[in-house]
Amino acid sequence: MLGLFGTLNLASRSLQTQRNGTEVAGHNIANVNTPGYSRQRVALETSITIPSEIGPEGTGADAVAINQLRDILLDRQLVGETSVRGALESKQKALEFAQAALGQVIDRQSSGAEGAAASSGVGGQHGMAEELAGLFAAFQSLSTNPTSMAERQVLLLKAQNLAGQFNQLSGRFDDLRGSLNESLGGDVAQANIALADIAKLNQQILAAEIGGQGKANDLRDTRQKRIEDLAKLVKVDTTANPNGSVDIAIDGVALVTGPNVLDQLETFDAGGGQFLVRTLTGGATLNLTGGSLQGTIDARDTDLAALRSHIDTLAAALITQVNALHANGYGLSGGTGQKFFTGTNASDIAVTDALVNDPGAIQASGVAGAVGDNSVAVALAQLAEQSLPALSNQTLLQHYSQTVTQLGQALNGTNTQLTNQQIVERMLLRQRDSISGVSLDEEMTDLVKFQRAFEASARLITTVDDMLETVVNLKR
Amino acid sequence: MRVTSHTFPNSLLDELTSLAQRQNKLQNQAATGQLVELPEDDPVAMRRVLDMQGESRAVSQYQRNIARHQELATASFSVIKGLKKISDRIREIAIAADGLKSQDELNIYAKEVTELIKQAVQAVNSKNRGDYIFSGTLSDQPAYSSVTDANGNVTSVSYQGNATLAESEIASGVTMTAQVLGESTSGTGPRGLITDSRSGADFFNHLISLQNNLLSGNVAAIENTDRANLELDENNFLIQIGGNGAIQSRLEATNALAGQRKETLEALVSKEADADLTQTIVRLSQTQTAYQAALQSAGRILSSSLLDYLR
């Protein structure tokens, strides 16, 4: 038997319990837009029963815990998928930069199959394909009129354009590599901050949960958010400890254990500007398998490196082949043995100064003294159609087209992968949202529910109060 | 599936983003008329288009080469035509100079022949774009130089060019030239215009012989040798005129072929790279409709909530 005072006590505890309910609903409403927040529920239980002559009697309800609705498996999966997306996004970004640096587009606005280069005049063209074709067209024109100064001037201009284009491309690739290395540094700095944050949150969670009085829900939300931030930068392995802390390791190297940061990340030059990631104190080079750091390194060391070496190979082949033919020819004043191009690769290719100063020195003739001879010019023009062993038996233009195609394929593949990855991640996020997300409708109905129960509990108090008054007034 | 407060806005955002991307892509295709612009759009088509554009540029260059050859052929033809006229007049003189003419008359003929020789030398030393046409590859040298004696009579005319011609491409791997040699004495290779060992032509020496025979009144030599020799020269000119015509028609045919090839390439490139405008516009308006529908339905869903019905 509770008795009237017992019932009054029950009503007052009920008021408190229902207020707890509105508090939690209010917290949920307040955090409806907080990233990483998962909804909380107050756990209600009936209070202990007391024996009575009519059997065990209930003593109301108590709020025993505030629980978080979270799916650990889903969280873990999302951390993994975030790393994949991070890698793909940074790879896509790097390849898009490379595509822009290469500057090869198809422009069909001007009439004719050859597009922008339809105009036969000098200049007004862009992209390496146009410049290459322009050089060989100039060799052809020279072959039809080997003594013409005008044709020689045009040839020099085309050759200089092409050399300039090579130099520019090489410079842009250098810049791109530099900025990718810089972005590695930026990502590493962010990852270190995230590692420190996670360790600090571990510490706070341990402190909050030490009494065993429930879980530090909001701190755990924040930590999960930070782990996902970190996973976007670099793929991590997480281990949840029974005491509530989470350990972080990258490539098997423990970086955070409980409240302690064991080691940090840094970038270092592995030689030739190839920046990689290693641990700061341990000094172990990390083999990254996901995250934007890995994506950047991957793009830089595979597709961009290939692109760069292909352009260099192309320039080298052009220099060697043109020079070999040109050196055997004779200029208008009989000069011979002159190189057409100087340099060895895309970065330093240039037209020989002596030719620039005196177009007559271009060695178009194959016979000493016969200025009207064009055999060298014809051979140079025919070089355009020649399959070169140095370029895997492709012509210069084919080799360039293949280079463009390879980059296009890499970027196209990355785009597709990223789209697929986004779909996967979106589905997982939707799933998580359906479990952990706050629904305002639910919270509103909860509020109404708790409000009504609160009102009823208050009514219980006034009822018991009336009853007590009745009891007190029994004797007048 | 449980629907939360973020489900609608998030999926709306996803939908709108992908629809906006689609719209942007289609709008770009409609504006440029191209399906493929960047290597990432379609790498394989990009490769084919680059290769075909390369070929098309090469074909255009071959056409420019052909135009240059045609120009040279026309220039050569007008010279050959001029020489043929001179040859015709010379033959008239050779026939007119018979035994009935007095030495004075013969001298006048001789004078005319001398002038015609000089005129012919001048003609074969024609230039095109600064190059001597008939000197072979020694195109900085006049093809012929003549020597005259104190009386102004031509004593010799000698060839200063060589026997090589500069051929250049008119199609991939196909070289030719519209240039004609002044002299060919080897019996092989291109024929000479003035002197050719195969046809027996030796125009200038035959003219000089005629001039000298006229001066010396050796009418018999004119009748017996010069007339026959001049016949050889005349035939050689006819061979050259025929050859020139053959070259011109070959250039014409090659140029037409190149034009056809370019049209084919244009069609192929168009197939790879161009957008079907009708299809693009239809798809664009479809996407726009979907975009508007998404906005409208979302506007309705997002604007109502339980809060509207609670006091």
# chains A, B, ... in the order shown; residues from 1 in each chain; ligands from 1

$ interface_residues --of "chain A" --to "chain B" --cutoff "6 Å" --atoms "only C-alpha atoms" --output "PyMOL selection string"
chain A and resi 105-106+113-114+137+143-144+370-374+401+405+408-409+411-412+434+437-441

$ residues_around --residues "B:Asn107" --least-positions-apart "6" --cutoff "9 Å" --atoms "only C-alpha atoms" --output "PDB file with C-alpha atoms, in the first residue's frame"
ATOM      1  CA  GLN B 211      71.114  30.569-137.813  1.00  0.00           C
ATOM      2  CA  LEU B 214      71.293  30.940-142.954  1.00  0.00           C
ATOM      3  CA  LEU B 215      74.214  33.251-142.458  1.00  0.00           C
ATOM      4  CA  SER B 216      76.463  31.088-144.604  1.00  0.00           C
ATOM      5  CA  GLY B 217      73.728  30.529-147.183  1.00  0.00           C
TER       6      GLY B 217
END

$ atom_distance --atom1 "atom CA of A:Leu15" --atom2 "atom CA of A:Thr470"
23.4 Å

$ residues_around --residues "A:Gly272" --least-positions-apart "5" --cutoff "12 Å" --atoms "only C-alpha atoms" --output "PyMOL selection string"
chain A and resi 174+177-178+181+301+305

$ write_last_selection --atoms "N, CA and C atoms" --output "CSV table (one decimal), in the first residue's frame"
chain,number,residue,atom,x,y,z
A,174,ASP,N,55.0,20.6,-63.7
A,174,ASP,CA,55.8,20.9,-62.5
A,174,ASP,C,54.9,21.6,-61.4
A,177,ARG,N,52.4,19.2,-59.9
A,177,ARG,CA,53.1,18.3,-58.9
A,177,ARG,C,53.3,19.0,-57.6
A,178,GLY,N,53.8,20.3,-57.8
A,178,GLY,CA,54.1,21.1,-56.6
A,178,GLY,C,52.9,21.3,-55.8
A,181,ASN,N,51.8,18.2,-54.0
A,181,ASN,CA,52.6,18.0,-52.8
A,181,ASN,C,52.2,18.9,-51.6
A,301,ASP,N,51.6,9.7,-58.8
A,301,ASP,CA,52.7,8.7,-59.2
A,301,ASP,C,52.3,7.8,-60.3
A,305,ALA,N,52.4,10.9,-63.6
A,305,ALA,CA,53.7,10.6,-64.0
A,305,ALA,C,53.8,10.0,-65.4

$ closest_residue --among "A:Leu304, A:Met149, A:Leu78, A:Ala354" --to "A:Glu228" --atoms "only C-alpha atoms"
A:Leu78

$ residues_around --residues "B:Leu230" --least-positions-apart "2" --cutoff "9 Å" --atoms "only C-alpha atoms" --output "mmCIF file with N, CA and C atoms, in the first residue's frame"
data_model
loop_
_atom_site.group_PDB
_atom_site.id
_atom_site.type_symbol
_atom_site.label_atom_id
_atom_site.label_comp_id
_atom_site.auth_asym_id
_atom_site.auth_seq_id
_atom_site.Cartn_x
_atom_site.Cartn_y
_atom_site.Cartn_z
ATOM 1 N N SER B 87 58.982 27.652 -131.986
ATOM 2 C CA SER B 87 59.332 26.514 -132.833
ATOM 3 C C SER B 87 58.548 26.545 -134.153
ATOM 4 N N ILE B 90 60.047 29.142 -136.356
ATOM 5 C CA ILE B 90 61.349 28.703 -136.842
ATOM 6 C C ILE B 90 61.181 27.737 -138.018
ATOM 7 N N ARG B 91 60.193 26.834 -137.850
ATOM 8 C CA ARG B 91 59.986 25.843 -138.913
ATOM 9 C C ARG B 91 59.518 26.535 -140.207
ATOM 10 N N ALA B 94 62.563 27.852 -141.688
ATOM 11 C CA ALA B 94 63.380 26.782 -142.275
ATOM 12 C C ALA B 94 62.812 26.327 -143.611
ATOM 13 N N ALA B 201 65.815 15.762 -129.316
ATOM 14 C CA ALA B 201 65.646 17.211 -129.340
ATOM 15 C C ALA B 201 66.889 17.905 -128.804
ATOM 16 N N ASP B 202 67.264 18.972 -129.436
ATOM 17 C CA ASP B 202 68.375 19.811 -128.959
ATOM 18 C C ASP B 202 68.113 21.198 -129.508
ATOM 19 N N PHE B 203 67.050 21.830 -129.029
ATOM 20 C CA PHE B 203 66.447 23.005 -129.630
ATOM 21 C C PHE B 203 67.457 24.114 -129.913
ATOM 22 N N HIS B 206 70.101 23.251 -132.501
ATOM 23 C CA HIS B 206 69.491 23.186 -133.832
ATOM 24 C C HIS B 206 69.207 24.583 -134.372
ATOM 25 N N LEU B 207 68.776 25.490 -133.440
ATOM 26 C CA LEU B 207 68.508 26.862 -133.876
ATOM 27 C C LEU B 207 69.795 27.555 -134.290
ATOM 28 N N THR B 225 69.279 18.716 -143.036
ATOM 29 C CA THR B 225 69.405 18.392 -141.613
ATOM 30 C C THR B 225 68.501 19.242 -140.719
ATOM 31 N N ASP B 226 68.579 20.573 -140.880
ATOM 32 C CA ASP B 226 67.891 21.436 -139.910
ATOM 33 C C ASP B 226 66.394 21.167 -139.843
ATOM 34 N N ARG B 227 65.774 21.016 -141.004
ATOM 35 C CA ARG B 227 64.315 20.805 -140.989
ATOM 36 C C ARG B 227 63.953 19.550 -140.190
ATOM 37 N N ALA B 228 64.729 18.452 -140.445
ATOM 38 C CA ALA B 228 64.472 17.194 -139.732
ATOM 39 C C ALA B 228 64.706 17.365 -138.246
ATOM 40 N N LEU B 232 62.197 17.100 -134.771
ATOM 41 C CA LEU B 232 62.422 16.395 -133.499
ATOM 42 C C LEU B 232 62.068 17.300 -132.323
ATOM 43 N N ASP B 233 62.513 18.590 -132.435
ATOM 44 C CA ASP B 233 62.233 19.534 -131.345
ATOM 45 C C ASP B 233 60.734 19.752 -131.182
ATOM 46 N N GLU B 234 60.079 19.906 -132.360
ATOM 47 C CA GLU B 234 58.632 20.118 -132.336
ATOM 48 C C GLU B 234 57.927 18.950 -131.639
ATOM 49 N N ASN B 235 58.355 17.733 -131.987
ATOM 50 C CA ASN B 235 57.769 16.546 -131.348
ATOM 51 C C ASN B 235 57.998 16.557 -129.851
#

$ select_by_dssp --residues "stretch 22-217 of chain B" --states "helix (DSSP H, G or I)" --output "MDAnalysis selection string"
chainID B and resid 22:32 43:96 103:124 203:216
